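Reading through the structure tokens given below for one structure.
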Amino acid sequence: MKSESTSNSTVLNVDELKDRVHLISKENKINKWDLGASSSRDLSVQVDQGESKQLKASQRNSITIRVWNKDDLLGITSTSDLSTKGIRKAFEFAHNASNYGNKDEIPQFSKLSTSALPGVRNILRNSTGIDHLLEILKEAELQLINSHKSITSVPYNGLAEANIERLYINSHGAQRYMNVTQASLYLYAKAQEDGRKPRSSGSVKIGYGVEDLNIEDCINEASGKTISHLNYEPIKTDKYLICFTPEAFIELIGSFSSMFNARSILDGLSLTKVNTLDQNIAVPFLSISDQALHPKNIASFTFDGEGTPKRNVELIKDGKIFNLLHSESTARRFNVSPTGHAGMGSKASVSPDWLVISNQDSKLNTRDLHHTKTNQTYVLIEGLNALHAGVKASQGSFSLPFDGWLVENGTKKSIESATIAGDIRYLLKNILAIEKEDIETPSGISPHVWVDNLSVTGE
Amino acid sequence: MTYTLTKNQDILASSQFTADVVRSQLEDLISYACASGADFIEIFIEDSDFIGLLSEQDTITSVNPSFSKGVGIRIFKGKKDGFVSTNDLSRTGLLYAIDQALGMLGLINSKISSDRFSGLKDLKNYSGSKDQLTSITPTIDNVGIKLLKATSLLNKEGKHVQTRRGNYSRSIQEVLIASSDGTFARDIRLHQTYGLNLIVSDKSNSSSIARRLGSSSQPTDFLNWNIEKTVDEIVESSEKMLYANYVEAGQFPVILANKFGGVIFHEACGHLLETTQIERGTTPFINKLGEQIANTAVTAVDEGFTEGAFGSLSMDDEGMEPQETVLIKDGILKQFLSDRAGDLRTGNPRTGSGRRQNYSYPAASRMRNTYIKAGEFTPEQLIQSIDKGLYCKSMGGGSVGPTGQFNFSVEEGYLIENGELKQPVKGATLIGEAKEVMPKISMCANDLDLAAGFCGSVSGSVNVTVGQPHIKVDSITVGGR
């Protein structure tokens with residue numbers, strides 16, 4: 001067999017690339033520039049009823065070059081071509097683009113682009129190769145199908161491993177490089193009983209390498225969730241007491257993250273305005289932070305697109321927005337330090353890394369509620385769908401299809417098809433309880449969160 | 001094994017796509033794969049050039065050029081396939097990629113037969129005069145001036161204006177496809193898309209309205225854009241929606257407007273008619289060919305040749321010319337959309353629908369220009385037929401779930417009472433399942449129109465057109481508050 005596993009040898013040679021770029025910049029008389037590059041090698045497999053369905057491998061490179069012209073205006077270009085010819089062309093394009101640089105907001109080098117990077121536990125795993133991935137996924141599919149007579153297929157599945165390198169260098173001597181590895185497994189099963197509609201649910205796991213994936217848990221979770229939706233009923237349209245699972249609450253907060261995104265606020269695309277930063281927006285016991293450096297945030301880079309070290313940032317505390325997420329440019333506007341959340345652009349985007357939601361003071365919960373103990377009737381939201389379509393981030397409203405259960409006297413019954421609608425401002429101020437147990441998900445950490453009186457549309 | 005991109009010369013470094021040297025190198029690579037036991041190999045080479053501009057308020061805030069080259073190699077053995085993509089266009093890089101794909105399929109590099117591949121056919125060059133496209137598309141200056149004029153007009157015409165944005169992107173994609181069945185085809189694709197977004201607010205009320213337009217192979221399209229018309233539409237809609245109340249949830253008859261209203265058919269039904277869904281067993285329409293799956297009022301097609309439409313192609317990403325695929329005729333399911341893998345695995349013949357975002361994805365059966373055909377009624381007759389319902393003038397985005405459920409947000413909606421349009425309402429989401437909703441499309445108006453969009457699915461994001469006339473759905477779940 002030729003399908004080799006790849007070692008952790010690298011594609012990006014920082015010193016060699018830096019020398020080439022210095023030379024090209026001199027040729028073009030460009031004194032101020034920076035460059036971000038990434039290279040990834042991925043393997044992925046999908047299976048169908050014990051047979052390989054899609055086997056994929058990729059080697060991808062990209063660089064983004066920003067140059068400042070003699071008037072200090074910025075231009076940018078991206079390319080997949082790391083050859084000298086490609087970089088030379090990118091410099092030329094970026095220089096041309098600088099003629100159209102925005103005079104009103106000129107990004108500069110991050111003042112933290114040469115400061116020390118945080119020490120994190122970075123585990124690199126060797127690729128195990130496509131044959132091994134295939135073997136594992138076939139077995140996982142079989143186990144999942146065999147876990148219940150109604151599970152007939154696993155139409156959406158995948159096992160992948162990736163080796164990703166990233167670097168940042170600039171003409172003032174900044175030099176960042178990091179290499180991470182990541183593996184992921186997803187299993188979405190389909191189950192159907194006679195005369196009933198098909199039901200589907202699944203699970204996702206992420207690790208540094210395949211050996212770190214909890215495959216058994218993934219199978220059990222996918223099976224358990226799918227089976228729990230077999231016995232479904234329509235739900236009556238009404239207002240309900242709602243309990244968001246950690247996954248669902250992180251999804252919802254993530255889709256409204258423009259609330260604490262300085263870029264969105266400055267651009268008028270956020271609910272938050274510069275003059276409303278001091279206002280109370282949530283119950284006092286809700287704590288939200290972005291923790292790029294959390295040890296459970298697998299394969300996170302330690303610097304952002306502008307070379308700024310990543311750091312953990314408290315976003316909501318004591319009911320107020322405590323900090324914002326910043327790029328170099330927005331940080332300058334707010335007279336603070338960049339937070340390590342920027343992309344690389346002529347106008348750098350800002351985005352969260354890994355949200356951690358917790359109860360700042362459980363004594364402040366207004367109701368004593370727990371999803372395994374309460375006898376009250378409530379809707380348990382397992383996952384929210386179509387967030388890209390159903391969230392109006394600049395207006396605060398959401399109307400989202402969800403998977404979940406109606407829970408009455410501790411008995412769960414799957415909901416056939418429904419949407420939940422509300423306003424994030426109402427929701428944050430009307431949280432009744434945040435449970436004590438912090439639960440880890442692939443996209444962050446959160447307890448179960450309770451909110452009353454949200455509209456559910458069913459039949 | 002690791003290699004750098006500079007070790008060997010790029011296959012296109014000193015030549016154009018059409019040069020004989022490229023043909024001979026590709027034949028060499030294809031022969032190698034066939035001799036190693038591949039039943040079929042396809043090499044997809046792409047050279048792309050992109051530029052995007054963003055205007056905010058009265059400033060161009062972002063100019064983003066990019067260019068890229070890459071290769072996607074797909075090898076079939078029986079019904080199985082392995083796919084490798086790379087930016088390394090050197091011979092060493094391509095051979096390594098082929099070896100990887102062969103290895104995925106358990107094929108060892110031993111000479112099986114030297115005559116399994118009889119060479120590439122004559123080049124089918126669909127690019128024609130498109131080589132000149134780059135030089136006649138608008139310059140950055142032209143684009144910037146027009147975008148700023150548009151955002152300025154939004155300010156002039158609008159009330160309660162909070163945020164104004166205009167955007168433009170232009171993509172030129174040159175592709176060359178060579179495969180072991182002799183396919184050898186080249187095309188150059190030009191796509192332009194542009195639009196405006198307006199957020200208005202007044203105290204605690206706000207609304208956001210966006211419009212996007214797009215075209216293919218129409219270099220002067222952007223320059224001919226009637227910005228006054230788009231601005232008027234957006235300003236009017238945003239003002240109406242600013243003070244709209246939330247819609248009451250429930251089951252209602254609904255009128256979906258023409259143009260982008262077709263996104264529901266695209267998501268809810270179109271995707272279920274792709275052979276990728278048959279392969280997964282996730283479409284309720286499997287084994288339903290020749291059966292009534294929709295109301296007799298519904299005839300729906302997918303095609304790739306409407307001039308200038310965003311989803312039109314000279315050839316698909318497997319080198320096949322597009323055609324009109326009648327999906328549903330008078331409510332009866334006629335055909336699925338199929339690509340090479342779909343043909344092989346489901347027996348549905350290829351329809352020129354093999355599409356991919358770029359070289360890093362294997363092609364899959366995807367929609368092009370998809371629409372419900374015009375009917376005999378006027379839009380007014382549809383509205384007059386409803387006592388109490390919802391008129392969805394403009395749709396937001398949506399999605400379809402793994403078992404066929406769909407959901408769509410309504411960007412601009414109005415109540416219908418006693419056959420007349422009444423007050424605007426916001427916060428509506430349409431929810432349902434294609435199998436249940438298709439038979440409820442009881443009336444189609446005579447005002448078919450198309451709209452440009454992007455569709456994300458297994459082979460990435462591709463340019464598509466959605467469309468329909470005004471249609472009436474007798475009953476659908478409307479999510480609200």
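Here's how to read the names in the structure tokens: chain A, B, ... by the order shown, residue numbers from 1 in each chain, ligand numbers from 1 in the order shown.
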| task | Output the contact residues of chain A with respect to chain B at a cut-off of 6 Å, based on only C-alpha atoms, as number ranges by chain. | result | A: 1-3, 55-60, 77-80, 83, 102, 155, 268, 346, 386, 389-390, 419, 455, 457
Could you take the residues named above and write them with N, CA, C and O atoms, as a tab-separated table (two decimals), in the first residue's frame?
```tsv
chain	number	residue	atom	x	y	z
A	1	MET	N	0.84	-1.20	0.00
A	1	MET	CA	0.00	0.00	0.00
A	1	MET	C	0.87	1.26	0.00
A	1	MET	O	1.86	1.34	0.69
A	2	LYS	N	0.41	2.23	-0.77
A	2	LYS	CA	1.23	3.43	-0.85
A	2	LYS	C	0.80	4.53	0.10
A	2	LYS	O	1.46	5.54	0.21
A	3	SER	N	-0.37	4.34	0.72
A	3	SER	CA	-0.88	5.44	1.55
A	3	SER	C	-0.02	5.56	2.80
A	3	SER	O	-0.19	4.86	3.77
A	55	LEU	N	-12.37	9.17	0.19
A	55	LEU	CA	-11.06	9.24	0.80
A	55	LEU	C	-10.39	10.49	0.25
A	55	LEU	O	-10.32	10.68	-0.96
A	56	LYS	N	-9.90	11.34	1.12
A	56	LYS	CA	-9.34	12.60	0.64
A	56	LYS	C	-8.02	12.91	1.32
A	56	LYS	O	-7.83	12.60	2.50
A	57	ALA	N	-7.14	13.53	0.56
A	57	ALA	CA	-5.91	14.07	1.13
A	57	ALA	C	-5.69	15.43	0.51
A	57	ALA	O	-6.09	15.67	-0.64
A	58	SER	N	-5.09	16.32	1.24
A	58	SER	CA	-4.79	17.62	0.63
A	58	SER	C	-3.52	18.20	1.23
A	58	SER	O	-3.18	17.94	2.39
A	59	GLN	N	-2.81	18.92	0.39
A	59	GLN	CA	-1.68	19.74	0.82
A	59	GLN	C	-2.00	21.15	0.36
A	59	GLN	O	-2.12	21.39	-0.84
A	60	ARG	N	-2.19	22.04	1.32
A	60	ARG	CA	-2.59	23.40	0.95
A	60	ARG	C	-1.67	24.44	1.60
A	60	ARG	O	-1.29	24.30	2.77
A	77	THR	N	-2.58	41.28	-0.41
A	77	THR	CA	-2.86	40.24	-1.41
A	77	THR	C	-2.65	38.86	-0.79
A	77	THR	O	-1.76	38.69	0.04
A	78	SER	N	-3.44	37.90	-1.20
A	78	SER	CA	-3.30	36.52	-0.74
A	78	SER	C	-3.04	35.61	-1.92
A	78	SER	O	-3.54	35.86	-3.03
A	79	THR	N	-2.29	34.56	-1.68
A	79	THR	CA	-2.05	33.58	-2.74
A	79	THR	C	-1.72	32.22	-2.15
A	79	THR	O	-1.31	32.12	-0.99
A	80	SER	N	-1.89	31.22	-2.97
A	80	SER	CA	-1.49	29.87	-2.56
A	80	SER	C	-0.09	29.55	-3.06
A	80	SER	O	0.44	28.49	-2.80
A	83	SER	N	6.04	30.12	-4.09
A	83	SER	CA	7.30	30.22	-4.84
A	83	SER	C	7.75	31.68	-4.87
A	83	SER	O	6.96	32.60	-4.60
A	102	ASN	N	-7.29	52.59	3.00
A	102	ASN	CA	-8.23	53.44	3.73
A	102	ASN	C	-7.45	54.44	4.59
A	102	ASN	O	-6.82	54.06	5.58
A	155	PRO	N	-25.47	8.34	7.73
A	155	PRO	CA	-25.27	9.05	6.45
A	155	PRO	C	-24.22	10.14	6.49
A	155	PRO	O	-23.61	10.45	5.48
A	268	GLY	N	-20.82	49.41	13.38
A	268	GLY	CA	-22.27	49.54	13.49
A	268	GLY	C	-23.00	48.26	13.17
A	268	GLY	O	-24.16	48.27	12.74
A	346	SER	N	-6.74	43.98	5.17
A	346	SER	CA	-6.61	45.43	5.07
A	346	SER	C	-7.51	46.05	6.14
A	346	SER	O	-7.29	47.15	6.60
A	386	ALA	N	-29.46	26.17	11.72
A	386	ALA	CA	-29.61	27.31	10.80
A	386	ALA	C	-29.32	28.65	11.47
A	386	ALA	O	-30.01	29.64	11.24
A	389	ALA	N	-29.00	31.74	9.36
A	389	ALA	CA	-30.20	32.32	8.77
A	389	ALA	C	-31.13	32.91	9.82
A	389	ALA	O	-31.80	33.90	9.55
A	390	GLY	N	-31.18	32.31	10.98
A	390	GLY	CA	-32.20	32.67	11.96
A	390	GLY	C	-31.77	33.65	13.02
A	390	GLY	O	-32.55	34.01	13.89
A	419	THR	N	-39.45	25.54	16.29
A	419	THR	CA	-38.47	26.62	16.37
A	419	THR	C	-38.60	27.32	17.72
A	419	THR	O	-39.66	27.31	18.34
A	455	SER	N	-40.63	31.70	23.28
A	455	SER	CA	-41.65	31.19	22.34
A	455	SER	C	-41.15	29.97	21.58
A	455	SER	O	-40.06	30.00	20.99
A	457	THR	N	-42.49	27.42	18.56
A	457	THR	CA	-43.52	27.16	17.56
A	457	THR	C	-43.46	25.71	17.13
A	457	THR	O	-42.42	25.23	16.68
```
| field | Residue set, segment 41-184 of chain A restricted to helix (DSSP H, G or I), as a ChimeraX atom specification | value | /A:84-98,130-146
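Summary of the local environment: counting only C-alpha atoms, residues at most 12 Å from Arg332 of chain A, other than itself and those fewer than 3 positions away along its chain, are Glu105, Ile106, Pro107, Gln108, Phe109, Ser110, Lys111, Ala262, Arg263, Leu266, His326, Ser327, Glu328, Ser329, Asn335, Val336, Ser337, Pro338 and Thr339 of chain A.
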| Spatial neighbours of Leu187 of chain A, max dist 9 Å, only C-alpha atoms, sep filter under 4 positions, as a list in words |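 The residues that qualify are Ala140, Glu141, Leu144, Val154, Pro155, Tyr156, Asn157, Gly158, Leu159, Ser201, Gly202, Ser203, Val204, Cys218, Ile219 and Ala222 of chain A.
Residues in contact with Ala174 of chain A at 12 Å, where only C-alpha atoms are counted and same-chain residues fewer than 6 positions away are skipped, are listed as Val14, Asp15, Lys18, Trp33, Asp34, Leu35, Gly36, Phe109, Ser110, Lys111, Leu112, Ser113, Thr114, Ser115, Ala116, Leu117, Leu167, Tyr168, Phe303, Glu306, Gly307, Thr308 and Pro309 of chain A.
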| query | Glu408 of chain A: which residues within 10 Å, counting only C-alpha atoms, same-chain residues fewer than 3 positions away excluded, as a list of chain:residue names? | reply |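 Within the cut-off, the hits are A:Thr374, A:Asn375, A:Gln376, A:Thr377, A:Tyr378, A:Val379, A:Trp405, A:Thr411, A:Lys412, A:Lys413.
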| request: Write out as a PyMOL selection string the residues lying within 6 Å of segment 421-431 of chain A, counting only C-alpha atoms and excluding same-chain residues fewer than 6 positions away. | output: chain A and resi 282-283+396-399+450-451+455
| request: Counting only C-alpha atoms, figure out which residue out of A:Asn297, A:Thr152, A:Leu324, A:Lys239 gets nearest to Leu277 of chain A. | output: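 That would be A:Leu324, the residue with the smallest distance to Leu277 of chain A.
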| Where in segment 180-383 of chain A does DSSP assign strand (DSSP E), given as a ChimeraX atom specification? | /A:180-191,199-207,232-233,238-244,286-290,313-317,320-321,355-359,378-383
